[in-house]
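What follows is my_file_31.cif (mmCIF, C-alpha atoms).
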data_structure
loop_
_atom_site.label_atom_id
_atom_site.label_comp_id
_atom_site.auth_asym_id
_atom_site.auth_seq_id
_atom_site.Cartn_x
_atom_site.Cartn_y
_atom_site.Cartn_z
CA GLY T 121 -53.97 -39.68 8.07
CA THR T 122 -57.44 -38.72 9.19
CA GLY T 123 -59.23 -38.49 12.50
CA GLY T 124 -62.40 -40.06 13.75
CA GLY T 125 -63.56 -43.51 12.79
CA CYS T 126 -62.30 -43.33 9.18
CA PHE T 127 -64.39 -45.48 6.83
CA ASP T 128 -67.53 -45.41 8.94
CA GLN T 129 -67.73 -41.72 7.99
CA PHE T 130 -69.01 -40.96 4.48
CA GLU T 131 -66.93 -37.77 4.28
CA ILE T 132 -63.75 -39.78 4.77
CA VAL T 133 -64.75 -42.26 2.06
CA GLU T 134 -65.37 -39.40 -0.36
CA LEU T 135 -62.04 -37.82 0.54
CA VAL T 136 -60.22 -41.10 -0.15
CA ARG T 137 -61.95 -41.45 -3.54
CA HIS T 138 -61.13 -37.87 -4.49
CA SER T 139 -57.50 -38.30 -3.39
CA LYS T 140 -57.20 -41.47 -5.46
CA VAL T 141 -58.43 -39.65 -8.57
CA LEU T 142 -55.89 -36.88 -8.02
CA LEU T 143 -53.13 -39.44 -7.52
CA GLN T 144 -54.07 -41.26 -10.73
CA ARG T 145 -54.03 -37.98 -12.67
CA HIS T 146 -50.60 -37.15 -11.30
CA MET T 147 -49.31 -40.58 -12.34
CA GLN T 148 -50.66 -40.00 -15.85
CA ARG T 149 -48.91 -36.62 -16.09
CA GLU T 150 -45.67 -38.31 -15.08
CA ASN T 151 -46.19 -41.19 -17.56
CA MET T 152 -46.09 -43.61 -14.65
CA ASP T 153 -47.54 -47.09 -14.95
CA GLY T 154 -48.91 -48.68 -11.81
CA PHE T 155 -51.79 -48.83 -9.38
CA ALA T 156 -52.94 -46.02 -7.12
CA GLU T 157 -54.34 -46.62 -3.66
CA VAL T 158 -55.06 -44.21 -0.82
CA ALA T 159 -55.06 -45.34 2.81
CA ALA T 160 -56.88 -43.60 5.65
CA THR T 161 -56.18 -44.15 9.31
CA SER T 162 -57.39 -42.82 12.62
CA HIS T 163 -54.24 -44.13 14.27
CA SER T 164 -50.54 -43.71 13.57
CA LEU T 165 -48.86 -43.31 10.19
CA SER T 166 -46.73 -46.37 10.88
CA GLU T 167 -49.71 -48.70 11.25
CA ALA T 168 -51.24 -47.47 7.99
CA VAL T 169 -47.98 -47.89 6.07
CA TRP T 170 -47.25 -51.31 7.55
CA SER T 171 -50.76 -52.47 6.65
CA ALA T 172 -50.32 -51.24 3.07
CA VAL T 173 -46.96 -52.99 2.78
CA ILE T 174 -48.34 -56.28 4.12
CA HIS T 175 -51.54 -56.38 2.07
CA THR T 176 -50.39 -54.96 -1.26
CA GLY T 177 -49.94 -57.50 -4.04
CA LEU T 178 -51.38 -60.94 -4.76
CA GLY T 179 -49.93 -63.89 -2.91
CA PRO T 180 -46.19 -64.16 -3.54
CA LEU T 181 -46.42 -61.33 -6.11
CA SER T 182 -45.95 -58.60 -3.56
CA PRO T 183 -43.65 -55.55 -3.68
CA ASN T 184 -40.18 -56.06 -2.26
CA THR T 185 -39.27 -52.35 -2.13
CA VAL T 186 -40.88 -49.44 -0.29
CA MET T 187 -40.18 -45.79 -1.07
CA LEU T 188 -40.87 -42.98 1.38
CA SER T 189 -40.28 -39.24 1.24
CA LEU T 190 -37.52 -38.01 3.54
CA PRO T 191 -38.65 -34.97 5.56
CA ARG T 192 -36.71 -31.81 4.79
CA ASP T 193 -37.63 -30.08 8.04
CA TRP T 194 -38.14 -32.76 10.63
CA SER T 195 -38.26 -30.27 13.51
CA ALA T 196 -41.53 -28.90 12.11
CA MET T 197 -43.05 -32.40 12.36
CA GLY T 198 -42.96 -32.42 16.13
CA GLU T 199 -41.57 -35.13 18.38
CA LYS T 200 -44.55 -37.48 18.04
CA ARG T 201 -44.66 -37.46 14.22
CA SER T 202 -40.90 -37.73 13.85
CA ALA T 203 -40.84 -40.72 16.22
CA ASP T 204 -43.70 -42.28 14.22
CA TYR T 205 -41.69 -41.81 11.01
CA ILE T 206 -38.66 -43.59 12.49
CA SER T 207 -40.94 -46.38 13.74
CA THR T 208 -42.38 -46.70 10.22
CA VAL T 209 -38.93 -47.03 8.67
CA ARG T 210 -37.75 -49.56 11.23
CA GLY T 211 -40.87 -51.68 10.79
CA ILE T 212 -40.44 -51.80 7.01
CA MET T 213 -36.87 -53.04 7.42
CA ASN T 214 -38.04 -55.68 9.88
CA MET T 215 -40.39 -56.95 7.15
CA ASP T 216 -37.35 -57.65 4.95
CA LYS T 217 -38.31 -54.97 2.43
CA ALA T 218 -35.76 -52.87 0.61
CA LEU T 219 -36.17 -49.24 1.61
CA LEU T 220 -35.70 -46.03 -0.38
CA LEU T 221 -35.86 -42.57 1.20
CA PHE T 222 -36.08 -39.72 -1.32
CA ARG T 223 -35.69 -36.01 -0.75
CA GLY T 224 -35.97 -33.69 -3.74
CA ASN T 225 -36.98 -30.24 -4.86
CA GLU T 226 -38.03 -28.42 -8.01
CA THR T 227 -34.62 -29.05 -9.62
CA TYR T 228 -35.33 -32.77 -9.95
CA PRO T 229 -36.61 -33.47 -13.48
CA SER T 230 -40.16 -34.55 -14.16
CA SER T 231 -41.05 -37.19 -16.75
CA ASN T 232 -41.82 -34.46 -19.28
CA ASP T 233 -38.39 -32.80 -19.03
CA VAL T 234 -35.40 -33.55 -21.20
CA ILE T 235 -32.03 -32.95 -19.55
CA HIS T 236 -28.80 -33.31 -21.46
CA ASP T 237 -25.51 -34.00 -19.67
CA GLY T 238 -27.36 -35.35 -16.63
CA ARG T 239 -25.28 -36.78 -13.82
CA ILE T 240 -26.03 -39.30 -11.06
CA ASP T 241 -23.43 -39.67 -8.30
CA VAL T 242 -23.29 -42.85 -6.21
CA TRP T 243 -21.37 -42.73 -2.92
CA TRP T 244 -20.83 -46.44 -2.20
CA VAL T 245 -19.96 -47.24 1.42
CA ILE T 246 -21.79 -50.50 2.23
CA HIS T 247 -22.09 -53.12 -0.51
CA ASP T 248 -25.78 -53.79 0.30
CA GLY T 249 -26.25 -56.58 -2.24
CA GLY T 250 -26.39 -54.51 -5.42
CA LEU T 251 -29.53 -52.35 -5.21
CA LEU T 252 -27.38 -49.25 -4.71
CA LEU T 253 -25.84 -49.79 -8.16
CA LEU T 254 -28.87 -51.17 -9.97
CA LEU T 255 -31.20 -48.24 -9.23
CA PRO T 256 -28.94 -45.49 -10.64
CA HIS T 257 -28.25 -47.67 -13.68
CA VAL T 258 -31.99 -48.09 -14.38
CA LEU T 259 -32.71 -44.41 -13.70
CA SER T 260 -29.91 -43.33 -16.04
CA LYS T 261 -31.66 -45.05 -18.97
CA ASN T 262 -34.86 -43.04 -18.61
CA ASN T 263 -35.84 -40.81 -21.55
CA VAL T 264 -35.67 -37.77 -19.30
CA TRP T 265 -31.88 -37.81 -19.68
CA GLY T 266 -32.00 -37.60 -23.47
CA ARG T 267 -30.61 -39.91 -26.09
CA TYR T 268 -27.41 -40.89 -24.29
CA GLY T 269 -28.73 -41.16 -20.73
CA ALA T 270 -27.27 -39.77 -17.55
CA LYS T 271 -23.62 -40.19 -16.63
CA ILE T 272 -23.01 -42.30 -13.52
CA ARG T 273 -20.07 -41.60 -11.23
CA ILE T 274 -19.21 -44.13 -8.51
CA PHE T 275 -17.37 -42.89 -5.41
CA ALA T 276 -16.10 -46.07 -3.72
CA VAL T 277 -15.42 -45.30 -0.07
CA ILE T 278 -12.44 -46.73 1.83
CA THR T 279 -13.28 -47.36 5.49
CA SER T 280 -10.01 -48.93 6.63
CA ALA T 281 -6.45 -47.61 6.40
CA THR T 282 -5.29 -51.03 5.16
CA GLU T 283 -7.21 -50.81 1.89
CA ASP T 284 -5.20 -50.02 -1.22
CA PRO T 285 -7.03 -47.41 -3.35
CA ARG T 286 -5.42 -48.60 -6.58
CA THR T 287 -6.44 -52.23 -6.27
CA LEU T 288 -9.86 -51.28 -4.88
CA HIS T 289 -10.37 -49.04 -7.92
CA GLU T 290 -9.44 -51.93 -10.20
CA ALA T 291 -11.77 -54.33 -8.37
CA VAL T 292 -14.78 -51.99 -8.53
CA THR T 293 -14.08 -51.15 -12.18
CA ASP T 294 -13.90 -54.85 -13.04
CA HIS T 295 -17.12 -55.53 -11.13
CA LEU T 296 -18.95 -52.78 -13.02
CA ALA T 297 -17.73 -54.21 -16.33
CA ARG T 298 -18.97 -57.69 -15.43
CA VAL T 299 -22.45 -56.44 -14.49
CA ARG T 300 -22.45 -54.17 -17.58
CA ILE T 301 -22.85 -50.85 -15.77
CA ASP T 302 -21.12 -47.94 -17.45
CA ALA T 303 -19.71 -45.62 -14.78
CA SER T 304 -16.54 -43.81 -13.78
CA VAL T 305 -14.89 -44.78 -10.49
CA THR T 306 -13.24 -42.57 -7.87
CA VAL T 307 -11.85 -43.91 -4.61
CA VAL T 308 -12.60 -41.87 -1.48
CA ASP T 309 -10.62 -42.39 1.73
CA LEU T 310 -12.81 -41.99 4.83
CA SER T 311 -10.87 -44.45 6.96
CA MET T 312 -10.30 -41.79 9.63
CA THR T 313 -14.06 -41.43 10.21
CA THR T 314 -16.85 -43.53 11.75
CA ILE T 315 -18.63 -43.87 8.39
CA ALA T 316 -18.69 -47.71 8.35
CA ASP T 317 -20.22 -47.97 11.82
CA ASP T 318 -22.68 -45.19 10.97
CA MET T 319 -23.99 -46.98 7.89
CA ARG T 320 -24.19 -50.67 8.67
CA GLU T 321 -26.17 -52.78 11.08
CA GLU T 322 -24.61 -54.34 14.12
CA ASN T 323 -24.56 -58.06 14.95
CA ASN T 324 -25.86 -58.95 11.45
CA PHE T 325 -29.52 -58.41 12.26
CA VAL T 326 -31.96 -55.60 11.96
CA GLU T 327 -31.67 -52.99 14.64
CA GLY T 328 -34.74 -52.74 16.83
CA MET T 329 -35.95 -56.29 16.18
CA GLY T 330 -38.26 -57.42 18.91
CA GLY T 331 -38.87 -61.00 19.89
CA CYS T 332 -41.94 -61.20 17.65
CA CYS T 333 -40.12 -59.93 14.58
CA GLY T 334 -36.94 -61.94 14.51
CA VAL T 335 -34.23 -63.64 16.51
CA PRO T 336 -30.57 -62.64 16.25
CA GLY T 337 -28.73 -65.27 14.29
CA SER T 338 -31.87 -66.72 12.70
CA ASP T 339 -32.28 -67.30 8.97
CA SER T 340 -34.48 -64.22 8.80
CA ALA T 341 -31.63 -62.06 10.04
CA ARG T 342 -30.75 -59.94 7.06
CA GLY T 343 -27.03 -60.34 7.32
CA ASN T 344 -27.39 -64.07 6.73
CA VAL T 345 -29.39 -63.77 3.50
CA ASN T 346 -26.62 -62.18 1.50
CA ASN T 347 -23.14 -62.32 2.99
CA ASN T 348 -22.17 -59.09 1.24
CA HIS T 349 -25.18 -57.14 2.41
CA ASN T 350 -23.66 -55.78 5.61
CA LYS T 351 -20.04 -55.47 4.47
CA THR T 352 -18.23 -52.38 3.31
CA VAL T 353 -17.01 -52.15 -0.26
CA GLY T 354 -13.45 -52.90 0.87
CA GLU T 355 -14.55 -55.94 2.87
CA VAL T 356 -16.44 -57.39 -0.08
CA PHE T 357 -13.31 -57.15 -2.21
CA SER T 358 -11.27 -58.77 0.56
CA ASN T 359 -8.54 -59.88 -1.81
CA TYR T 360 -7.73 -56.26 -2.46
CA VAL T 361 -6.74 -55.25 1.08
CA CYS T 362 -3.16 -54.82 2.27
CA GLU T 363 -1.91 -56.31 5.54
CA ALA T 364 -0.27 -53.07 6.61
CA THR T 365 -1.55 -49.51 6.64
CA TYR T 366 -1.50 -48.06 3.13
CA SER T 367 -0.15 -44.51 3.38
CA THR T 368 -0.10 -43.26 -0.22
CA VAL T 369 -3.68 -42.05 -0.14
CA LEU T 370 -3.20 -40.07 3.06
CA GLY T 371 -1.61 -36.99 1.52
CA ASP T 372 -3.43 -34.27 -0.38
CA GLU T 373 -7.19 -34.17 -0.71
CA GLU T 374 -7.02 -35.16 -4.37
CA MET T 375 -4.26 -37.07 -6.12
CA ASN T 376 -3.53 -39.34 -9.01
CA ILE T 377 -2.13 -42.70 -7.94
CA ARG T 378 -0.25 -44.14 -10.88
CA GLY T 379 0.58 -47.82 -11.13
CA ALA T 380 3.33 -49.30 -13.24
CA GLY T 381 2.14 -49.29 -16.84
CA ARG T 382 -1.43 -48.43 -15.80
CA GLU T 383 -3.70 -45.43 -16.01
CA SER T 384 -3.77 -43.03 -13.09
CA VAL T 385 -6.44 -43.60 -10.48
CA GLN T 386 -8.38 -40.68 -9.06
CA ALA T 387 -8.43 -40.82 -5.25
CA ILE T 388 -9.79 -38.42 -2.65
CA THR T 389 -9.10 -38.27 1.06
CA ALA T 390 -11.05 -36.44 3.72
CA ARG T 391 -8.16 -36.33 6.18
CA SER T 392 -7.54 -32.58 5.98
CA ILE T 393 -11.29 -31.94 6.02
CA MET T 394 -11.67 -34.09 9.11
CA ASP T 395 -8.78 -32.22 10.75
CA HIS T 396 -10.56 -28.91 10.16
CA VAL T 397 -13.76 -30.25 11.66
CA ILE T 398 -12.01 -31.65 14.73
CA LYS T 399 -10.02 -28.45 15.26
CA GLY T 400 -13.17 -26.44 15.51
CA GLU T 401 -14.08 -25.17 12.06
CA GLN T 402 -17.41 -26.85 12.75
CA GLY T 403 -17.42 -25.50 16.27
CA ALA T 404 -20.92 -26.62 17.12
CA LEU T 405 -19.86 -30.22 16.67
CA THR T 406 -16.73 -30.22 18.82
CA GLY T 407 -18.00 -29.11 22.20
CA ASN T 408 -18.88 -32.67 23.18
CA ASP T 409 -16.70 -35.67 22.38
CA GLY T 410 -19.53 -38.14 22.84
CA GLU T 411 -20.64 -40.73 20.32
CA GLN T 412 -23.15 -38.47 18.55
CA ALA T 413 -20.59 -35.65 18.33
CA ARG T 414 -18.10 -37.99 16.66
CA ARG T 415 -20.76 -39.19 14.25
CA LEU T 416 -21.72 -35.61 13.39
CA ARG T 417 -18.07 -34.83 12.64
CA THR T 418 -18.10 -37.72 10.18
CA ALA T 419 -21.34 -36.39 8.67
CA ALA T 420 -19.80 -32.92 8.34
CA ALA T 421 -16.70 -34.30 6.60
CA PHE T 422 -18.86 -36.36 4.24
CA ASN T 423 -20.92 -33.27 3.47
CA ARG T 424 -17.79 -31.31 2.57
CA LEU T 425 -16.91 -33.97 0.01
CA LEU T 426 -20.43 -33.91 -1.39
CA GLN T 427 -20.31 -30.14 -1.68
CA GLN T 428 -16.98 -30.31 -3.50
CA HIS T 429 -17.74 -33.13 -5.91
CA SER T 430 -21.51 -33.63 -6.22
CA TRP T 431 -23.13 -30.24 -5.80
CA ARG T 432 -23.92 -30.04 -9.53
CA SER T 433 -25.24 -33.59 -9.80
CA ASN T 434 -28.90 -34.15 -10.61
CA LEU T 435 -29.14 -36.92 -8.03
CA VAL T 436 -26.95 -38.22 -5.20
CA VAL T 437 -27.44 -41.86 -4.20
CA THR T 438 -25.87 -43.42 -1.12
CA ASN T 439 -26.48 -45.86 1.73
CA MET T 440 -29.06 -45.01 4.35
CA PRO T 441 -27.43 -44.25 7.71
CA LEU T 442 -28.11 -46.58 10.60
CA ILE T 443 -31.12 -45.90 12.83
CA ARG T 444 -30.10 -46.76 16.38
CA PRO T 445 -33.05 -47.91 18.51
CA ASP T 446 -31.39 -46.89 21.78
CA LYS T 447 -30.80 -43.29 20.66
CA PRO T 448 -33.16 -40.29 20.49
CA THR T 449 -35.19 -39.91 17.29
CA GLY T 450 -33.51 -36.61 16.54
CA ASP T 451 -30.06 -38.23 16.29
CA PHE T 452 -30.90 -39.82 12.94
CA PHE T 453 -32.39 -36.64 11.50
CA ASP T 454 -29.49 -34.51 12.80
CA TYR T 455 -27.01 -36.89 11.18
CA VAL T 456 -28.84 -36.91 7.84
CA ASP T 457 -29.32 -33.12 7.83
CA THR T 458 -25.62 -32.56 8.57
CA MET T 459 -24.43 -35.10 6.03
CA PHE T 460 -26.62 -33.91 3.14
CA ASP T 461 -26.92 -30.20 3.83
CA GLY T 462 -27.12 -28.31 0.53
CA ILE T 463 -27.82 -31.42 -1.58
CA ASN T 464 -31.02 -30.82 -3.54
CA ASN T 465 -31.93 -34.32 -4.69
CA LEU T 466 -31.02 -37.28 -2.53
CA LEU T 467 -31.85 -41.00 -2.55
CA LEU T 468 -30.93 -43.11 0.49
CA VAL T 469 -30.93 -46.87 -0.12
CA ARG T 470 -31.03 -49.81 2.28
CA GLY T 471 -31.43 -53.23 0.72
CA SER T 472 -33.11 -56.19 2.37
CA GLY T 473 -30.18 -58.52 1.77
CA ASN T 474 -32.07 -60.46 -0.92
CA GLU T 475 -31.11 -58.26 -3.87
CA VAL T 476 -28.20 -59.49 -6.00
CA ILE T 477 -26.86 -58.22 -9.33
CA THR T 478 -25.89 -61.21 -11.43
CA THR T 479 -23.00 -61.21 -13.90
CA TYR T 480 -24.84 -63.28 -16.47
CA ALA T 481 -27.97 -62.77 -18.56
#
Go through the file and emit its structure as structure tokens.
Amino acid sequence: GTGGGCFDQFEIVELVRHSKVLLQRHMQRENMDGFAEVAATSHSLSEAVWSAVIHTGLGPLSPNTVMLSLPRDWSAMGEKRSADYISTVRGIMNMDKALLLFRGNETYPSSNDVIHDGRIDVWWVIHDGGLLLLLPHVLSKNNVWGRYGAKIRIFAVITSATEDPRTLHEAVTDHLARVRIDASVTVVDLSMTTIADDMREENNFVEGMGGCCGVPGSDSARGNVNNNHNKTVGEVFSNYVCEATYSTVLGDEEMNIRGAGRESVQAITARSIMDHVIKGEQGALTGNDGEQARRLRTAAAFNRLLQQHSWRSNLVVTNMPLIRPDKPTGDFFDYVDTMFDGINNLLLVRGSGNEVITTYA
């Protein structure tokens, strides 16, 4: 962003041209095909980004996905800039664009690196149409991972105590086979947390929609475009849910659940981790039993699992947490920082509801 009147100042025009050249050179170094454009604004970041999203492309051939960097230290941004960032994100979702938020560091490979035994971990909570699976699959085929590509591990999250980890494992494994995605599957029990409510939209429409952007229950409401978009993994595979509480998975943190004549299924539960958090091991989170405190306890439990199982992964991919319009801006950043503390390279995904992985070619 720039101050003043922007393009009526020659210095700003020259700065934009110079920045575009630098951006093009960077794309060349990274072997990236595409078009480079630089926007300048004397107003807010959100207005510049929204304008770029609306006007990029030619007619119906316009981008359907927007990628933004996720701030690592949001407190240094100040209240005004952090609120503008949240406004930017919410506006993009209201435009029915898929949204990617990436946070990385020097450990993430460049296009000129070659990494053997690379690993991408996908923590799958909300089905979200299929973009959450498709992106890691495409990324894993990049030459940066060497001849055999990166290994994908799917952590399918249980959000209800009535879901059977064995049958859910079988359903997800079968789904991956039908869409031809090679990945291992581990079931994770987070049914004792608020993870489902923290990740998905309420009332099947975009949070923060004003009257000019959409009407709850209208065809533009994202939950109506793809019925699976706003459901959890267990709800999508509804035929694989028990009527009564399934207790087998509620024992140790890791276990092998063995079916008759079938291979053992790796399952993980966060119950003991959640107990530690509630009992005060994360003391800063337990002083207040309000909604945000409960959500932060969920984030802390999720982070423990990430630290145990994904700390060596080259990239962690999961659903983007919900941004609540009636809550302070800092609530979202606090939740994300707690949930992904210590994770070097992170990709948060929120589909538009229009993305679908087909099982035929």
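For the choices T:Ser162, T:Ser182, T:Arg149, T:Ser195, the atom-to-atom distance to Thr449 of chain T is smallest for T:Ser195 when using all atoms listed in the file.
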Which residue gives the smallest distance to Met215 of chain T among T:Gly238, T:Pro285, T:Pro229, T:Pro183, with only C-alpha atoms counted? T:Pro183
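One finds atom CA of Met319 of chain T at 14.5 Å from atom CA of Asp454 of chain T.
Note on the selection: in this file the PyMOL selection byres ((chain T and resi 193) around 12) comes out as Ser189, Leu190, Pro191, Arg192, Trp194, Ser195, Ala196, Met197, Gly198, Arg201, Ser202, Arg223, Gly450, Phe453, Asp454, Val456, Asp457 and Asp461 of chain T.
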With distances taken over all atoms listed in the file, which of T:Val245, T:Ala270, T:Leu466, T:Ile443 is nearest to Tyr205 of chain T? T:Ile443
What does the PyMOL selection byres ((chain T and resi 210) around 10) select in this file, as number ranges by chain? T: 166, 204-209, 211-215, 219, 326-329, 443-445
Output of the PyMOL selection byres ((chain T and resi 224) around 12), listed as a VMD selection string: chain T and resid 188 to 192 221 to 223 225 to 230 434 to 437 460 462 to 468
Save the residues we just selected, C-alpha atoms, as a CSV table (one decimal), in the coordinates of the input?
chain,number,residue,atom,x,y,z
T,188,LEU,CA,-40.9,-43.0,1.4
T,189,SER,CA,-40.3,-39.2,1.2
T,190,LEU,CA,-37.5,-38.0,3.5
T,191,PRO,CA,-38.6,-35.0,5.6
T,192,ARG,CA,-36.7,-31.8,4.8
T,221,LEU,CA,-35.9,-42.6,1.2
T,222,PHE,CA,-36.1,-39.7,-1.3
T,223,ARG,CA,-35.7,-36.0,-0.8
T,225,ASN,CA,-37.0,-30.2,-4.9
T,226,GLU,CA,-38.0,-28.4,-8.0
T,227,THR,CA,-34.6,-29.0,-9.6
T,228,TYR,CA,-35.3,-32.8,-10.0
T,229,PRO,CA,-36.6,-33.5,-13.5
T,230,SER,CA,-40.2,-34.6,-14.2
T,434,ASN,CA,-28.9,-34.2,-10.6
T,435,LEU,CA,-29.1,-36.9,-8.0
T,436,VAL,CA,-27.0,-38.2,-5.2
T,437,VAL,CA,-27.4,-41.9,-4.2
T,460,PHE,CA,-26.6,-33.9,3.1
T,462,GLY,CA,-27.1,-28.3,0.5
T,463,ILE,CA,-27.8,-31.4,-1.6
T,464,ASN,CA,-31.0,-30.8,-3.5
T,465,ASN,CA,-31.9,-34.3,-4.7
T,466,LEU,CA,-31.0,-37.3,-2.5
T,467,LEU,CA,-31.8,-41.0,-2.6
T,468,LEU,CA,-30.9,-43.1,0.5
Measuring atom to atom with all atoms listed in the file, identify which of T:Ile240, T:Ala316, T:Leu310, T:Ala159 is nearest to Trp265 of chain T. T:Ile240
Would you list the residues near (-21.5, -37.5, 13.3), meaning any protein, DNA or RNA residue with an atom at most 10 Å from that point in file coordinates, counting only C-alpha atoms, as a count of residues only? 25
Which residues, written as a PyMOL selection string, have at least one atom at most 12 Å from Lys261 of chain T, with only C-alpha atoms counted and residues fewer than 5 positions away on the same chain left out? chain T and resi 238-240+254-256+266-272+301-302
To one decimal place in Å, what is the distance between atom CA of Met312 of chain T and atom CA of Ala281 of chain T? 7.7 Å
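Atom pair atom CA of Ser171 of chain T / atom CA of Phe155 of chain T: separated by 16.5 Å.
The closest residue to Met147 of chain T, picked from T:Arg300, T:Gly471, T:Ser231, T:Cys126 and counting only C-alpha atoms, is T:Ser231.
Candidate residues T:Arg470, T:His163, T:His138, T:Arg320 were compared for distance to Thr279 of chain T, and the nearest is T:Arg320, using all atoms listed in the file.
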Neighbours of Lys217 of chain T within 7 Å (all atoms listed in the file; same-chain residues fewer than 5 positions away dropped), as a PyMOL selection string? chain T and resi 184-186+212+472
Please, could you write that set of residues out with C-alpha atoms as a PDB file, in the frame of the given file?
ATOM      1  CA  ASN T 184     -40.180 -56.060  -2.260  1.00  0.00           C
ATOM      2  CA  THR T 185     -39.270 -52.350  -2.130  1.00  0.00           C
ATOM      3  CA  VAL T 186     -40.880 -49.440  -0.290  1.00  0.00           C
ATOM      4  CA  ILE T 212     -40.440 -51.800   7.010  1.00  0.00           C
ATOM      5  CA  SER T 472     -33.110 -56.190   2.370  1.00  0.00           C
TER       6      SER T 472
END
Listed atoms of segment 212-229 of chain T, axis-aligned box, 8 Å per side: centre and edge lengths to one decimal in Å, as lines of an AutoDock Vina configuration file?
center_x = -37.5
center_y = -43.0
center_z = -1.8
size_x = 21.8
size_y = 45.2
size_z = 39.4
